[in-house]
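Here's my_file.cif, which has mmCIF, C-alpha atoms:
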data_model
#
loop_
_atom_site.group_PDB
_atom_site.id
_atom_site.type_symbol
_atom_site.label_atom_id
_atom_site.label_comp_id
_atom_site.auth_asym_id
_atom_site.auth_seq_id
_atom_site.Cartn_x
_atom_site.Cartn_y
_atom_site.Cartn_z
ATOM 1 C CA MET A 1 -15.487 -57.437 36.249
ATOM 2 C CA LEU A 2 -16.970 -56.919 39.733
ATOM 3 C CA GLU A 3 -14.797 -56.883 42.855
ATOM 4 C CA TRP A 4 -15.752 -56.667 46.526
ATOM 5 C CA PHE A 5 -13.876 -54.883 49.305
ATOM 6 C CA ALA A 6 -14.769 -53.962 52.851
ATOM 7 C CA GLY A 7 -15.714 -50.300 53.059
ATOM 8 C CA PRO A 8 -16.377 -48.190 56.147
ATOM 9 C CA THR A 9 -19.903 -49.626 56.466
ATOM 10 C CA GLY A 10 -19.336 -53.085 55.026
ATOM 11 C CA PRO A 11 -18.666 -54.679 51.642
ATOM 12 C CA THR A 12 -18.685 -52.341 48.647
ATOM 13 C CA VAL A 13 -18.909 -53.209 44.975
ATOM 14 C CA THR A 14 -16.259 -51.798 42.612
ATOM 15 C CA THR A 15 -15.931 -52.086 38.882
ATOM 16 C CA GLY A 16 -13.080 -52.033 36.470
ATOM 17 C CA ARG A 17 -9.476 -53.120 36.661
ATOM 18 C CA PRO A 18 -6.890 -51.862 39.211
ATOM 19 C CA LYS A 19 -4.535 -49.348 37.683
ATOM 20 C CA TRP A 20 -1.419 -51.204 38.822
ATOM 21 C CA GLN A 21 -2.586 -54.247 36.853
ATOM 22 C CA GLY A 22 -3.198 -52.241 33.693
ATOM 23 C CA GLU A 23 -1.577 -49.065 32.425
ATOM 24 C CA PHE A 24 1.043 -48.831 35.156
ATOM 25 C CA GLY A 25 2.537 -52.058 33.803
ATOM 26 C CA GLN A 26 5.469 -53.999 35.119
ATOM 27 C CA LYS A 27 7.373 -50.964 36.456
ATOM 28 C CA MET A 28 4.760 -50.238 39.129
ATOM 29 C CA LYS A 29 4.362 -53.800 40.403
ATOM 30 C CA PRO A 30 7.364 -53.789 42.771
ATOM 31 C CA LYS A 31 6.234 -50.543 44.374
ATOM 32 C CA VAL A 32 2.641 -51.733 44.609
ATOM 33 C CA ASN A 33 3.736 -55.064 46.095
ATOM 34 C CA ALA A 34 5.836 -53.251 48.672
ATOM 35 C CA LEU A 35 2.903 -50.994 49.544
ATOM 36 C CA SER A 36 0.601 -54.031 49.763
ATOM 37 C CA SER A 37 2.973 -55.692 52.261
ATOM 38 C CA ARG A 38 3.180 -52.547 54.362
ATOM 39 C CA TYR A 39 -0.602 -52.127 54.204
ATOM 40 C CA ALA A 40 -1.242 -55.737 55.297
ATOM 41 C CA ALA A 41 1.177 -55.401 58.208
ATOM 42 C CA ALA A 42 -0.266 -52.041 59.285
ATOM 43 C CA LEU A 43 -3.845 -53.352 59.043
ATOM 44 C CA LYS A 44 -2.949 -56.435 61.039
ATOM 45 C CA LYS A 45 -1.319 -54.312 63.719
ATOM 46 C CA HIS A 46 -4.308 -51.947 63.785
ATOM 47 C CA LEU A 47 -6.783 -54.812 64.257
ATOM 48 C CA ARG A 48 -4.776 -56.144 67.199
ATOM 49 C CA GLN A 49 -4.866 -52.772 68.943
ATOM 50 C CA LYS A 50 -7.720 -51.315 70.932
ATOM 51 C CA PRO A 51 -10.804 -50.213 69.023
ATOM 52 C CA ARG A 52 -9.950 -46.527 69.545
ATOM 53 C CA ALA A 53 -6.374 -46.857 68.337
ATOM 54 C CA GLY A 54 -5.097 -44.068 66.083
ATOM 55 C CA LEU A 55 -5.193 -44.205 62.285
ATOM 56 C CA LYS A 56 -2.062 -42.186 61.636
ATOM 57 C CA THR A 57 -0.381 -45.131 59.892
ATOM 58 C CA ALA A 58 -3.367 -45.520 57.544
ATOM 59 C CA ARG A 59 -3.164 -41.883 56.495
ATOM 60 C CA GLY A 60 0.552 -42.239 55.863
ATOM 61 C CA LEU A 61 -0.096 -45.237 53.618
ATOM 62 C CA GLY A 62 -2.779 -43.238 51.809
ATOM 63 C CA CYS A 63 -0.340 -40.382 51.193
ATOM 64 C CA ARG A 64 2.152 -42.892 49.809
ATOM 65 C CA ALA A 65 -0.503 -44.391 47.512
ATOM 66 C CA ALA A 66 -1.518 -40.907 46.321
ATOM 67 C CA SER A 67 2.108 -40.021 45.568
ATOM 68 C CA MET A 68 2.381 -43.199 43.493
ATOM 69 C CA GLY A 69 -0.668 -42.170 41.492
ATOM 70 C CA LEU A 70 -2.891 -44.994 42.736
ATOM 71 C CA GLU A 71 -6.666 -44.592 42.696
ATOM 72 C CA THR A 72 -9.264 -45.660 45.246
ATOM 73 C CA LEU A 73 -9.890 -48.858 43.297
ATOM 74 C CA ASP A 74 -6.190 -49.791 43.534
ATOM 75 C CA VAL A 75 -6.143 -49.292 47.287
ATOM 76 C CA ALA A 76 -9.397 -51.287 47.555
ATOM 77 C CA ARG A 77 -7.703 -54.199 45.796
ATOM 78 C CA ILE A 78 -4.781 -53.998 48.230
ATOM 79 C CA HIS A 79 -7.213 -53.856 51.130
ATOM 80 C CA GLU A 80 -9.117 -56.883 49.809
ATOM 81 C CA ARG A 81 -5.954 -58.979 49.559
ATOM 82 C CA ALA A 82 -4.885 -57.946 53.052
ATOM 83 C CA LEU A 83 -8.236 -59.100 54.402
ATOM 84 C CA GLU A 84 -7.920 -62.415 52.547
ATOM 85 C CA LYS A 85 -4.555 -63.039 54.200
ATOM 86 C CA LEU A 86 -5.933 -62.206 57.631
ATOM 87 C CA GLU A 87 -9.091 -64.285 57.047
ATOM 88 C CA ALA A 88 -10.929 -61.625 58.988
ATOM 89 C CA GLY A 89 -14.237 -61.888 57.205
ATOM 90 C CA SER A 90 -15.815 -64.380 59.650
ATOM 91 C CA SER A 91 -13.403 -64.970 62.525
ATOM 92 C CA ARG A 92 -13.989 -61.959 64.746
ATOM 93 C CA ASP A 93 -16.884 -59.583 65.329
ATOM 94 C CA GLY A 94 -16.242 -55.928 64.493
ATOM 95 C CA VAL A 95 -13.141 -56.680 62.467
ATOM 96 C CA LEU A 96 -14.740 -55.664 59.154
ATOM 97 C CA GLU A 97 -15.938 -52.418 60.670
ATOM 98 C CA ARG A 98 -12.494 -51.535 62.056
ATOM 99 C CA ALA A 99 -10.850 -52.623 58.803
ATOM 100 C CA GLY A 100 -13.295 -50.396 56.952
ATOM 101 C CA GLU A 101 -12.274 -47.452 59.154
ATOM 102 C CA PHE A 102 -8.627 -48.171 58.381
ATOM 103 C CA PHE A 103 -9.403 -48.331 54.671
ATOM 104 C CA ALA A 104 -11.464 -45.134 54.800
ATOM 105 C CA GLU A 105 -8.598 -43.322 56.496
ATOM 106 C CA THR A 106 -6.165 -44.701 53.922
ATOM 107 C CA ILE A 107 -8.105 -43.433 50.918
ATOM 108 C CA THR A 108 -8.744 -40.020 52.514
ATOM 109 C CA PRO A 109 -5.573 -38.426 51.021
ATOM 110 C CA ILE A 110 -6.535 -39.815 47.589
ATOM 111 C CA GLU A 111 -10.027 -38.379 47.865
ATOM 112 C CA GLU A 112 -8.616 -35.081 49.104
ATOM 113 C CA THR A 113 -6.315 -35.094 46.109
ATOM 114 C CA HIS A 114 -9.316 -35.734 43.893
ATOM 115 C CA ARG A 115 -11.256 -32.920 45.517
ATOM 116 C CA ALA A 116 -8.282 -30.618 45.137
ATOM 117 C CA ALA A 117 -8.002 -31.683 41.520
ATOM 118 C CA LEU A 118 -11.716 -31.062 41.000
ATOM 119 C CA LYS A 119 -11.415 -27.648 42.620
ATOM 120 C CA ALA A 120 -8.367 -26.905 40.517
ATOM 121 C CA SER A 121 -10.240 -28.086 37.438
ATOM 122 C CA ALA A 122 -13.244 -25.913 38.294
ATOM 123 C CA ARG A 123 -10.963 -22.966 38.941
ATOM 124 C CA LEU A 124 -9.180 -23.667 35.675
ATOM 125 C CA LYS A 125 -12.522 -23.692 33.864
ATOM 126 C CA ARG A 126 -13.465 -20.383 35.468
ATOM 127 C CA LEU A 127 -10.115 -18.944 34.517
ATOM 128 C CA SER A 128 -10.541 -20.311 31.006
ATOM 129 C CA LYS A 129 -13.958 -18.680 30.709
ATOM 130 C CA ALA A 130 -12.568 -15.434 32.090
ATOM 131 C CA LEU A 131 -9.699 -15.699 29.619
ATOM 132 C CA ASP A 132 -12.180 -16.279 26.793
ATOM 133 C CA ARG A 133 -14.111 -13.187 27.861
ATOM 134 C CA ARG A 134 -10.904 -11.186 28.075
ATOM 135 C CA THR A 135 -9.878 -12.510 24.672
ATOM 136 C CA LEU A 136 -13.198 -11.447 23.161
ATOM 137 C CA ALA A 137 -12.918 -8.053 24.831
ATOM 138 C CA LEU A 138 -9.351 -7.710 23.573
ATOM 139 C CA ALA A 139 -10.444 -8.709 20.071
ATOM 140 C CA GLY A 140 -13.177 -6.067 20.206
ATOM 141 C CA ALA A 141 -10.685 -3.500 21.452
ATOM 142 C CA ASN A 142 -8.299 -4.447 18.648
ATOM 143 C CA ARG A 143 -11.077 -4.021 16.089
ATOM 144 C CA LEU A 144 -11.905 -0.603 17.505
ATOM 145 C CA LEU A 145 -8.221 0.292 17.529
ATOM 146 C CA LYS A 146 -7.806 -0.764 13.893
ATOM 147 C CA LEU A 147 -10.925 1.214 12.976
ATOM 148 C CA GLY A 148 -9.580 4.252 14.812
ATOM 149 C CA ILE A 149 -6.214 3.914 13.045
ATOM 150 C CA ALA A 150 -7.959 3.639 9.672
ATOM 151 C CA ARG A 151 -10.041 6.729 10.426
ATOM 152 C CA ARG A 152 -6.979 8.644 11.568
ATOM 153 C CA ARG A 153 -5.116 7.693 8.394
ATOM 154 C CA SER A 154 -8.097 8.779 6.308
ATOM 155 C CA ALA A 155 -8.201 12.075 8.170
ATOM 156 C CA GLU A 156 -4.463 12.541 7.643
ATOM 157 C CA GLU A 157 -4.821 11.826 3.924
ATOM 158 C CA ALA A 158 -7.746 14.236 3.680
ATOM 159 C CA LEU A 159 -5.727 16.847 5.575
ATOM 160 C CA LYS A 160 -2.777 16.368 3.231
ATOM 161 C CA LYS A 161 -5.042 16.719 0.198
ATOM 162 C CA SER A 162 -6.719 19.809 1.635
ATOM 163 C CA GLY A 163 -3.291 21.248 2.438
ATOM 164 C CA LYS A 164 -2.185 20.754 -1.165
ATOM 165 C CA TYR A 165 -5.477 22.276 -2.380
ATOM 166 C CA TYR A 166 -5.100 25.347 -0.189
ATOM 167 C CA ARG A 167 -1.444 25.734 -1.167
ATOM 168 C CA THR A 168 -2.527 25.663 -4.801
ATOM 169 C CA LEU A 169 -5.195 28.285 -4.101
ATOM 170 C CA LEU A 170 -2.645 30.439 -2.296
ATOM 171 C CA GLU A 171 -0.208 30.206 -5.203
ATOM 172 C CA GLU A 172 -2.977 31.098 -7.658
ATOM 173 C CA SER A 173 -4.030 33.997 -5.438
ATOM 174 C CA LEU A 174 -0.465 35.303 -5.271
ATOM 175 C CA ALA A 175 -0.168 35.012 -9.060
ATOM 176 C CA LEU A 176 -3.458 36.895 -9.534
ATOM 177 C CA GLN A 177 -2.310 39.522 -7.066
ATOM 178 C CA LYS A 178 0.923 40.066 -9.022
ATOM 179 C CA HIS A 179 -1.035 40.237 -12.257
ATOM 180 C CA LEU A 180 -3.445 42.755 -10.711
ATOM 181 C CA GLN A 181 -0.506 44.860 -9.527
ATOM 182 C CA HIS A 182 0.930 44.771 -13.030
ATOM 183 C CA LEU A 183 -2.412 45.814 -14.553
ATOM 184 C CA THR A 184 -2.771 48.567 -11.962
ATOM 185 C CA HIS A 185 0.691 49.815 -12.792
ATOM 186 C CA GLN A 186 -0.166 49.786 -16.526
ATOM 187 C CA ILE A 187 -3.445 51.642 -15.892
ATOM 188 C CA LEU A 188 -1.709 54.234 -13.748
ATOM 189 C CA SER A 189 0.989 54.603 -16.376
ATOM 190 C CA ALA A 190 -1.647 55.035 -19.084
ATOM 191 C CA GLN A 191 -3.546 57.552 -16.975
ATOM 192 C CA GLU A 192 -0.355 59.448 -16.303
ATOM 193 C CA HIS A 193 0.473 59.463 -20.010
ATOM 194 C CA LYS A 194 -3.077 60.631 -20.817
ATOM 195 C CA ARG A 195 -2.862 63.388 -18.220
ATOM 196 C CA LYS A 196 0.466 64.529 -19.640
ATOM 197 C CA GLN A 197 -0.971 64.533 -23.163
ATOM 198 C CA ILE A 198 -4.075 66.471 -22.073
ATOM 199 C CA SER A 199 -1.920 68.911 -20.125
ATOM 200 C CA HIS A 200 0.348 69.424 -23.137
ATOM 201 C CA ASP A 201 -2.626 69.925 -25.476
ATOM 202 C CA LEU A 202 -4.251 72.331 -23.008
ATOM 203 C CA GLN A 203 -1.065 74.323 -22.661
ATOM 204 C CA ASP A 204 -0.716 74.580 -26.434
ATOM 205 C CA GLU A 205 -4.340 75.621 -26.919
ATOM 206 C CA ILE A 206 -4.274 78.190 -24.129
ATOM 207 C CA ALA A 207 -0.921 79.524 -25.283
ATOM 208 C CA GLN A 208 -2.249 80.012 -28.829
ATOM 209 C CA THR A 209 -5.432 81.649 -27.529
ATOM 210 C CA LEU A 210 -3.506 83.953 -25.205
ATOM 211 C CA LEU A 211 -1.171 84.793 -28.012
ATOM 212 C CA GLY A 212 -4.180 85.683 -30.178
ATOM 213 C CA ILE A 213 -5.621 87.820 -27.366
ATOM 214 C CA ASN A 214 -2.305 89.567 -26.937
ATOM 215 C CA VAL A 215 -2.161 90.307 -30.680
ATOM 216 C CA ARG A 216 -5.713 91.647 -30.599
ATOM 217 C CA LEU A 217 -4.928 93.835 -27.618
ATOM 218 C CA LEU A 218 -1.968 95.319 -29.462
ATOM 219 C CA THR A 219 -4.242 95.963 -32.423
ATOM 220 C CA VAL A 220 -6.789 97.577 -30.105
ATOM 221 C CA LYS A 221 -4.049 99.728 -28.622
ATOM 222 C CA GLU A 222 -2.980 100.946 -32.087
ATOM 223 C CA ALA A 223 -6.585 101.415 -33.240
ATOM 224 C CA ALA A 224 -7.508 103.415 -30.189
ATOM 225 C CA GLY A 225 -5.923 106.501 -31.643
ATOM 226 C CA HIS A 226 -7.709 106.300 -35.089
ATOM 227 C CA ASN A 227 -11.444 105.629 -34.665
ATOM 228 C CA ALA A 228 -13.865 104.216 -32.135
ATOM 229 C CA LYS A 229 -15.651 101.850 -34.546
ATOM 230 C CA GLN A 230 -12.557 99.877 -35.336
ATOM 231 C CA LEU A 231 -11.834 99.760 -31.590
ATOM 232 C CA GLN A 232 -15.210 98.249 -30.845
ATOM 233 C CA GLU A 233 -14.745 95.589 -33.512
ATOM 234 C CA GLU A 234 -11.363 94.608 -32.109
ATOM 235 C CA ILE A 235 -12.784 94.470 -28.603
ATOM 236 C CA ALA A 236 -15.572 92.168 -29.847
ATOM 237 C CA ARG A 237 -13.068 89.905 -31.570
ATOM 238 C CA THR A 238 -10.939 89.806 -28.410
ATOM 239 C CA GLY A 239 -14.041 88.908 -26.348
ATOM 240 C CA ARG A 240 -14.760 86.024 -28.698
ATOM 241 C CA LEU A 241 -11.198 84.758 -28.253
ATOM 242 C CA VAL A 242 -11.623 84.907 -24.511
ATOM 243 C CA ASP A 243 -14.882 82.950 -24.733
ATOM 244 C CA ARG A 244 -13.267 80.350 -26.915
ATOM 245 C CA SER A 245 -10.398 80.040 -24.459
ATOM 246 C CA VAL A 246 -12.882 79.505 -21.609
ATOM 247 C CA ARG A 247 -14.690 76.802 -23.567
ATOM 248 C CA THR A 248 -11.396 75.142 -24.412
ATOM 249 C CA ILE A 249 -10.389 75.082 -20.744
ATOM 250 C CA GLU A 250 -13.790 73.643 -19.750
ATOM 251 C CA ARG A 251 -13.554 70.966 -22.448
ATOM 252 C CA PHE A 252 -10.082 69.862 -21.386
ATOM 253 C CA THR A 253 -11.109 69.970 -17.751
ATOM 254 C CA SER A 254 -14.084 67.670 -18.495
ATOM 255 C CA GLU A 255 -11.879 65.224 -20.462
ATOM 256 C CA TYR A 256 -9.305 65.208 -17.677
ATOM 257 C CA GLY A 257 -12.041 64.426 -15.106
ATOM 258 C CA ARG A 258 -13.357 61.473 -17.142
ATOM 259 C CA CYS A 259 -9.848 60.107 -17.603
ATOM 260 C CA HIS A 260 -9.131 60.448 -13.915
ATOM 261 C CA GLU A 261 -12.344 58.594 -12.987
ATOM 262 C CA SER A 262 -11.534 55.656 -15.289
#
Same coordinates, now as structure tokens:
Amino acid sequence: MLEWFAGPTGPTVTTGRPKWQGEFGQKMKPKVNALSSRYAAALKKHLRQKPRAGLKTARGLGCRAASMGLETLDVARIHERALEKLEAGSSRDGVLERAGEFFAETITPIEETHRAALKASARLKRLSKALDRRTLALAGANRLLKLGIARRRSAEEALKKSGKYYRTLLEESLALQKHLQHLTHQILSAQEHKRKQISHDLQDEIAQTLLGINVRLLTVKEAAGHNAKQLQEEIARTGRLVDRSVRTIERFTSEYGRCHES
């Protein structure tokens, strides 16, 4: 459906159906009718005034229409009906132009509202894009955080395992150390027992040898008064005892040294 209304520069073609005849329904009709009456009266008064008369009333009507939620097409329909009542289309020169100025001033608040809405919509889109970017960045940060947490947990688990491993090694080391101390004590005890045995054997051997030497010396002393030949034989036997004692001492000394080194 095509409808004509007088715009700022003459008739303008509009399309569609006025909102107050459609989705607004019956509840909006009384308010729209009241606004239409006020608009017709204000337009009539404006056309009777001087050409440079103010348009404050038109702006006020536009603010009222904007607050009601009317669109430019709705106000154009109201304007068209007001012109039909005034029969201004052909009766007076310049009427359409002045009526167009009144109409243009009336729809200014609606257009400003639209511009504000467009700006708000554009700003909302920018904010939405910024929010999307922030959301992506936050998601990336969350992924990194989760990865860091997983790595930290892995490190903690590895540290716990290594701690258990080193505790086990320490316990084994302490056990080996105790065992080594026990073996050392046994070795020292065995060495001490061996030394005591060698010392006892050496004392017995030396004591027997010395006793033999002492007996031989007594024999030499008794034989000294009888003959020199017997004395020489006893001296030789005593010398052999001394040599054997020396060899015995050397042998035990060598055995003691080997035992001490082991």
Suppose a student applies the PyMOL selection byres ((chain A and resi 107) around 9) to this structure; what residues should they get, written as a PyMOL selection string?
chain A and resi 58-59+61-63+65-66+71-72+75-76+102-106+108-112
Residues near Leu202 of chain A, anyone? I mean within 8 Å using all atoms listed in the file, not counting same-chain ones fewer than 4 positions away, as an MDAnalysis selection string.
chainID A and resid 198 206 248:249 252
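Considering the residues A:Arg167, A:His185, A:Thr253, A:Ala99 and counting all atoms listed in the file, Ser199 of chain A has its shortest atom-to-atom contact with A:Thr253.
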Please report the interatomic distance between atom CA of Leu124 of chain A and atom CA of Leu73 of chain A in Å with one decimal.
26.3 Å
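One finds atom CA of Lys45 of chain A at 22.7 Å from atom CA of Pro30 of chain A.
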Enclose the full set of atoms of segment 188-198 of chain A listed in the file within a box whose edges lie along x, y and z, apply 4 Å of padding to each of the six sides, and report centre and edge lengths in Å to one decimal as JSON.
{"center_x": -1.5, "center_y": 60.4, "center_z": -18.5, "size_x": 13.1, "size_y": 20.2, "size_z": 17.4}
Evaluate the PyMOL selection byres ((chain A and resi 79) around 9) against this structure - the residues, as a PyMOL selection string, please.
chain A and resi 5-6+36+39-40+43+74-78+80-84+99+103
Which residue out of A:Arg240, A:Arg115, A:Arg126, A:Arg151 has the minimum interatomic distance to Leu210 of chain A when all atoms listed in the file are used?
A:Arg240
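Considering only C-alpha atoms, the residue among A:His114, A:Lys44, A:Arg244, A:Lys50 positioned nearest to Lys85 of chain A is A:Lys44.
Atom CA of Arg133 of chain A is positioned 22.3 Å from atom CA of Leu118 of chain A.
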